[in-house]
Structures are given as C-alpha cells and as structure tokens.
Amino acid sequence: MKLGVRQLEVIRIFARTHSVTETARVLNVSQPAVSQTLREAEMQLGFPIAVRFGNRTRLTDEARALMPDIERILAQFSSLKGRAEELRDSRAGSLSIASVPTLFIALLPRAVASFLREHRRVQLQVGSHTAAKVLQQIRQDTADIGLAFMPIDEIGVAVQPVLRMAVVCAVPVGHALAGHDCIRPADLIDEVIVVQNAHGPPGLVLRERLEHDFSRMRVVGTNQSSAALSMACEGIGIALVHPLTLSGPPRPEVVTIRFEPKIELTLGLVYARQKPVSRIMLHFERHLRASLQEFCDTATARGLDCEMLI
C-alpha cells in the first residue's frame, strides 16, 4: 500500500466535511482532483472510504477506524516539516564551541548572547579549555568550532586566522615605567615580569622571541594570560599579555603600554577538516566576528595594535 501525505490530507478533510465540493474548496483544488484522489486512496486501501444514503454521504466503518492513525501520521509529518524548516533557517539544532579561557573574559559571552537572541531554540554547549584540549575537541568531533591562538599544526583540523594583535605590557600604576610610551627588553632588566608558560602558543611565542632577555629578568610564570594580568594588578610585576586579556571591565590598577620589538599573536577559528560547515556554525561565526570587530575598534582607538584579518 502506497498512500501519500496528500492523499491522507484529502481523506482527513473529506472525513470532516463529508463533501467533495467542500473538500475541494478547503484545499483550493478542483472537485475532479478530490474525487480522483479518493478513488486512488480506495484502491490502495482495498475498501470504500464513504457510502451514500440518499443525499447524504458518510464514512465507512473501515475508514472511520483509520482516522486516528491518519491524524497521528499527519501531525507527525507537520512536526517533521516544521523541524526541517527550523533547521534550514538555523533557528534550531545544536552547536558546540571549544575556546581558550581568554575569550571568556568578555568577547565569547557577548557573541553567544547575541547569537541566542536570534536562535533561541539552538542547543548550545560552550567549553573553556587549554589550546591542546581545544584541538582535541575538534579532532574528536566533540566540538564544532574551536578558538585558539596560532601557530596550530594539527592533523585533521583547519584553521582560519581571524584576529591579529601585538603583545602589550600591563604596568602597575605608580611603577617607574608606567609613564613610558613604549617598553623594550632593556627596560625590563632586573624587573619582575609575569608571562605565560610555554605550554600554549602565546607563552611559546613570547619565550622564543625573548629567550636571551629572560636571563636578565625576574620571570614569574603562569598558565593563563588573565592570571598574569591579575598579578600585575596586585603590583607583583609587569605582565606581558595579549590585548584580549584586556577585553573585560577596565583595570585601573594598571596602564597598558606598547612593547617593542612587536610580538604578534593571531587568534584562529578551528574546524574539523573533513566536516562540512553547517548554517548554524556560519551564523554563530557572524556574531563572533562582530564581537571581535567591536573589541578591535576599541583597542585600536587606545593605540594598541589589533587587526581583523577577515
């Protein structure tokens, strides 16, 4: 038996109206089209759908017994159709994001809030991880989008550079270097500096560029750039951080000063190489870029080196 959705819809309307003419009017089709559909349905079912008594038409007992099943099938189809439309328009579905912690200071929550205002029915999972864990999440397909600093050399993932910025010095207010326009390695001899360890790209890049200078500085290592900033705010030392660390509320305990030579860091969007990019991912990426662009404009206005790449 091959009954289609259209035939079931005609049967349902006919069961309510008991009239070919009224069924045709409700469905906005011709009367012959309704009659033909009912005949085809009867051939598929193997029994009549309706019988006439004088000038009246009534459903057969067999057709009446089928109506609960027909109603259920059509309700399920309507639900399926609505779900498909939601997915097509990216109003529903799911999205998993894995990011290094620095983005959680402000930029990622802003992007997520903006995204969810437009996509209220999307199920969202957002995780804070080390750079290595972000890549693992993408590689193992437990996250759809990753955010991490480059360089990234990982088999099975694709990287899209999105934001380039330069390391800055967070100097405690009142420190002798707080009034400088620019700070250089020679200015930091015998100073306490707070930097990320070399376990992730920002700390690795810093240590590669300043390897010979670190021997003349008093280095305090930490695993997060935000932790380095917090220690600078307590007057422990001068923190070398990337500008994203400063994306949250103002920190009046420190002033930010350019560092020379320029040490650039690049934030990348990370995807699984073999996995297609969904519409939901593209919609979220649009909100993320808007959040990053707002930050970049603010940082540039403060005289910091910051550039959107795409």
# chains A, B, ... in the order shown; residues from 1 in each chain; ligands from 1
>>> residues_around(residues="region 183-199 of chain A", least_positions_apart="4", cutoff="6 Å", atoms="only C-alpha atoms", output="ChimeraX atom specification")
/A:203-204,216-225,228,237-240,259-260
>>> closest_atom_pairs(of="region 106-182 of chain A", to="region 298-308 of chain A", cutoff="8 Å", atoms="only C-alpha atoms", output="JSON lines")
{"residue": "A:Val162", "atom": "CA", "partner": "A:Met308", "partner_atom": "CA", "distance": 6.0}
{"residue": "A:Leu163", "atom": "CA", "partner": "A:Met308", "partner_atom": "CA", "distance": 4.6}
{"residue": "A:Arg164", "atom": "CA", "partner": "A:Glu307", "partner_atom": "CA", "distance": 5.2}
{"residue": "A:Met165", "atom": "CA", "partner": "A:Cys306", "partner_atom": "CA", "distance": 4.3}
{"residue": "A:Ala166", "atom": "CA", "partner": "A:Asp305", "partner_atom": "CA", "distance": 5.5}
{"residue": "A:Val168", "atom": "CA", "partner": "A:Leu304", "partner_atom": "CA", "distance": 7.8}
>>> atom_distance(atom1="CA of Leu244 (chain A)", atom2="CA of Ile138 (chain A)")
22.3 Å
>>> residues_around(residues="Pro151 (chain A)", least_positions_apart="5", cutoff="10 Å", atoms="only C-alpha atoms", output="VMD selection string")
chain A and resid 159 161 200 to 202 204 to 205 265 to 268
>>> residues_around(residues="Arg273 (chain A)", least_positions_apart="5", cutoff="8 Å", atoms="only C-alpha atoms", output="VMD selection string")
chain A and resid 156 to 158
>>> write_last_selection(atoms="N, CA, C and O atoms", output="JSON list (two decimals), in the first residue's frame")
[["chain", "number", "residue", "atom", "x", "y", "z"],
["A", 156, "GLY", "N", 44.19, 16.97, 10.71],
["A", 156, "GLY", "CA", 42.76, 16.78, 10.80],
["A", 156, "GLY", "C", 41.96, 18.03, 11.13],
["A", 156, "GLY", "O", 40.74, 17.97, 11.20],
["A", 157, "VAL", "N", 42.63, 19.16, 11.36],
["A", 157, "VAL", "CA", 41.91, 20.40, 11.64],
["A", 157, "VAL", "C", 42.29, 21.47, 10.62],
["A", 157, "VAL", "O", 43.40, 21.47, 10.07],
["A", 158, "ALA", "N", 41.36, 22.36, 10.37],
["A", 158, "ALA", "CA", 41.60, 23.51, 9.50],
["A", 158, "ALA", "C", 41.52, 24.77, 10.36],
["A", 158, "ALA", "O", 40.72, 24.84, 11.30]]
>>> closest_residue(among="A:Gly248, A:Gly93, A:Gly4, A:Gly127", to="Arg110 (chain A)", atoms="only C-alpha atoms")
A:Gly248
>>> residues_around(residues="Pro101 (chain A)", least_positions_apart="2", cutoff="7 Å", atoms="only C-alpha atoms", output="PyMOL selection string")
chain A and resi 99+103-104+128-129
>>> select_by_dssp(residues="region 147-260 of chain A", states="strand (DSSP E)", output="MDAnalysis selection string")
chainID A and resid 147:149 157:166 168:172 182:183 192:196 218:222 238:241 254:259
>>> write_last_selection(atoms="N, CA, C and O atoms", output="compact mmCIF listing (two decimals), in the first residue's frame")
# COMPACT_ATOMS: atom_id res chain seq x y z
N LEU A 147 38.36 27.93 19.20
CA LEU A 147 39.03 29.23 19.21
C LEU A 147 40.34 29.06 19.97
O LEU A 147 40.34 28.70 21.15
N ALA A 148 41.45 29.31 19.28
CA ALA A 148 42.76 29.13 19.90
C ALA A 148 43.77 30.01 19.18
O ALA A 148 43.54 30.45 18.05
N PHE A 149 44.89 30.23 19.85
CA PHE A 149 45.94 31.05 19.26
C PHE A 149 46.83 30.19 18.37
O PHE A 149 47.07 29.01 18.62
N VAL A 157 42.63 19.16 11.36
CA VAL A 157 41.91 20.40 11.64
C VAL A 157 42.29 21.47 10.62
O VAL A 157 43.40 21.47 10.07
N ALA A 158 41.36 22.36 10.37
CA ALA A 158 41.60 23.51 9.50
C ALA A 158 41.52 24.77 10.36
O ALA A 158 40.72 24.84 11.30
N VAL A 159 42.35 25.75 10.06
CA VAL A 159 42.44 26.97 10.86
C VAL A 159 42.19 28.18 9.98
O VAL A 159 42.77 28.31 8.89
N GLN A 160 41.33 29.08 10.44
CA GLN A 160 41.05 30.33 9.75
C GLN A 160 41.51 31.49 10.63
O GLN A 160 40.89 31.78 11.65
N PRO A 161 42.64 32.15 10.30
CA PRO A 161 43.07 33.31 11.11
C PRO A 161 41.99 34.38 11.10
O PRO A 161 41.42 34.70 10.06
N VAL A 162 41.70 34.92 12.28
CA VAL A 162 40.60 35.88 12.36
C VAL A 162 41.01 37.21 12.98
O VAL A 162 40.46 38.25 12.62
N LEU A 163 41.98 37.20 13.90
CA LEU A 163 42.36 38.44 14.58
C LEU A 163 43.85 38.42 14.90
O LEU A 163 44.35 37.46 15.47
N ARG A 164 44.54 39.49 14.49
CA ARG A 164 45.97 39.62 14.80
C ARG A 164 46.15 40.78 15.77
O ARG A 164 45.53 41.83 15.62
N MET A 165 47.01 40.56 16.76
CA MET A 165 47.27 41.60 17.76
C MET A 165 48.70 41.49 18.24
O MET A 165 49.38 40.50 17.95
N ALA A 166 49.16 42.50 18.94
CA ALA A 166 50.54 42.52 19.43
C ALA A 166 50.54 42.53 20.96
O ALA A 166 49.67 43.12 21.60
N VAL A 168 51.24 43.43 24.72
CA VAL A 168 51.37 44.71 25.41
C VAL A 168 51.88 44.47 26.83
O VAL A 168 51.81 43.37 27.35
N CYS A 169 52.37 45.53 27.44
CA CYS A 169 52.80 45.48 28.83
C CYS A 169 51.69 46.05 29.71
O CYS A 169 51.18 47.15 29.46
N ALA A 170 51.31 45.28 30.73
CA ALA A 170 50.39 45.78 31.76
C ALA A 170 51.25 46.18 32.94
O ALA A 170 51.80 45.33 33.66
N VAL A 171 51.39 47.49 33.16
CA VAL A 171 52.32 48.02 34.15
C VAL A 171 51.53 48.57 35.35
O VAL A 171 50.60 49.37 35.17
N PRO A 172 51.87 48.15 36.57
CA PRO A 172 51.16 48.68 37.74
C PRO A 172 51.24 50.20 37.82
O PRO A 172 52.30 50.80 37.55
N CYS A 182 56.53 53.46 25.28
CA CYS A 182 56.89 52.16 24.74
C CYS A 182 57.90 51.52 25.69
O CYS A 182 58.73 52.21 26.28
N ILE A 183 57.81 50.22 25.85
CA ILE A 183 58.73 49.48 26.71
C ILE A 183 59.49 48.47 25.86
O ILE A 183 58.90 47.77 25.03
N VAL A 192 60.60 42.39 37.69
CA VAL A 192 59.77 41.19 37.76
C VAL A 192 58.77 41.26 36.61
O VAL A 192 58.01 42.23 36.50
N ILE A 193 58.79 40.26 35.75
CA ILE A 193 57.81 40.20 34.67
C ILE A 193 56.99 38.92 34.83
O ILE A 193 57.49 37.90 35.29
N VAL A 194 55.73 39.02 34.49
CA VAL A 194 54.82 37.88 34.61
C VAL A 194 54.39 37.49 33.20
O VAL A 194 53.85 38.31 32.45
N VAL A 195 54.63 36.24 32.85
CA VAL A 195 54.32 35.77 31.49
C VAL A 195 53.70 34.38 31.55
O VAL A 195 53.83 33.65 32.54
N GLN A 196 53.04 34.02 30.45
CA GLN A 196 52.51 32.67 30.34
C GLN A 196 53.65 31.67 30.14
O GLN A 196 54.67 31.97 29.52
N ARG A 218 63.54 38.90 36.13
CA ARG A 218 62.98 38.03 37.18
C ARG A 218 61.61 37.57 36.71
O ARG A 218 60.65 38.32 36.75
N VAL A 219 61.55 36.36 36.20
CA VAL A 219 60.36 35.87 35.49
C VAL A 219 59.46 35.08 36.44
O VAL A 219 59.90 34.16 37.13
N VAL A 220 58.19 35.46 36.46
CA VAL A 220 57.16 34.69 37.15
C VAL A 220 56.26 34.08 36.07
O VAL A 220 55.67 34.80 35.25
N GLY A 221 56.17 32.76 36.06
CA GLY A 221 55.38 32.09 35.04
C GLY A 221 53.99 31.76 35.55
O GLY A 221 53.77 31.54 36.75
N THR A 222 53.03 31.73 34.64
CA THR A 222 51.66 31.33 34.96
C THR A 222 51.07 30.65 33.74
O THR A 222 51.62 30.74 32.64
N ILE A 238 55.40 43.40 36.04
CA ILE A 238 54.87 43.85 34.75
C ILE A 238 54.46 42.62 33.95
O ILE A 238 55.27 41.71 33.74
N ALA A 239 53.20 42.58 33.52
CA ALA A 239 52.71 41.43 32.77
C ALA A 239 52.83 41.69 31.27
O ALA A 239 52.48 42.77 30.79
N LEU A 240 53.34 40.69 30.56
CA LEU A 240 53.34 40.74 29.10
C LEU A 240 52.16 39.90 28.63
O LEU A 240 52.15 38.67 28.79
N VAL A 241 51.14 40.56 28.08
CA VAL A 241 49.89 39.88 27.76
C VAL A 241 49.43 40.27 26.36
O VAL A 241 49.85 41.29 25.80
N VAL A 254 46.35 49.09 36.49
CA VAL A 254 47.47 49.01 35.55
C VAL A 254 47.24 49.95 34.38
O VAL A 254 46.12 50.36 34.10
N VAL A 255 48.34 50.28 33.71
CA VAL A 255 48.27 51.00 32.43
C VAL A 255 48.87 50.08 31.37
O VAL A 255 49.76 49.28 31.65
N THR A 256 48.33 50.16 30.16
CA THR A 256 48.84 49.32 29.07
C THR A 256 49.77 50.13 28.18
O THR A 256 49.44 51.24 27.77
N ILE A 257 50.91 49.54 27.89
CA ILE A 257 51.94 50.23 27.13
C ILE A 257 52.45 49.29 26.03
O ILE A 257 52.60 48.08 26.25
N ARG A 258 52.70 49.86 24.85
CA ARG A 258 53.21 49.07 23.73
C ARG A 258 54.56 48.45 24.08
O ARG A 258 55.36 49.02 24.83
N PHE A 259 54.80 47.26 23.54
CA PHE A 259 56.08 46.58 23.74
C PHE A 259 56.80 46.50 22.40
O PHE A 259 56.19 46.17 21.38
>>> residues_around(residues="region 58-69 of chain A", least_positions_apart="6", cutoff="10 Å", atoms="only C-alpha atoms", output="PyMOL selection string")
chain A and resi 8+11-12+14-19+42+45+47-52+75
>>> residues_around(residues="Leu288 (chain A)", least_positions_apart="4", cutoff="9 Å", atoms="only C-alpha atoms", output="MDAnalysis selection string")
chainID A and resid 107:108 110:112 114:115 283:284 292:293
>>> atom_distance(atom1="CA of Ser35 (chain A)", atom2="CA of Leu80 (chain A)")
28.0 Å
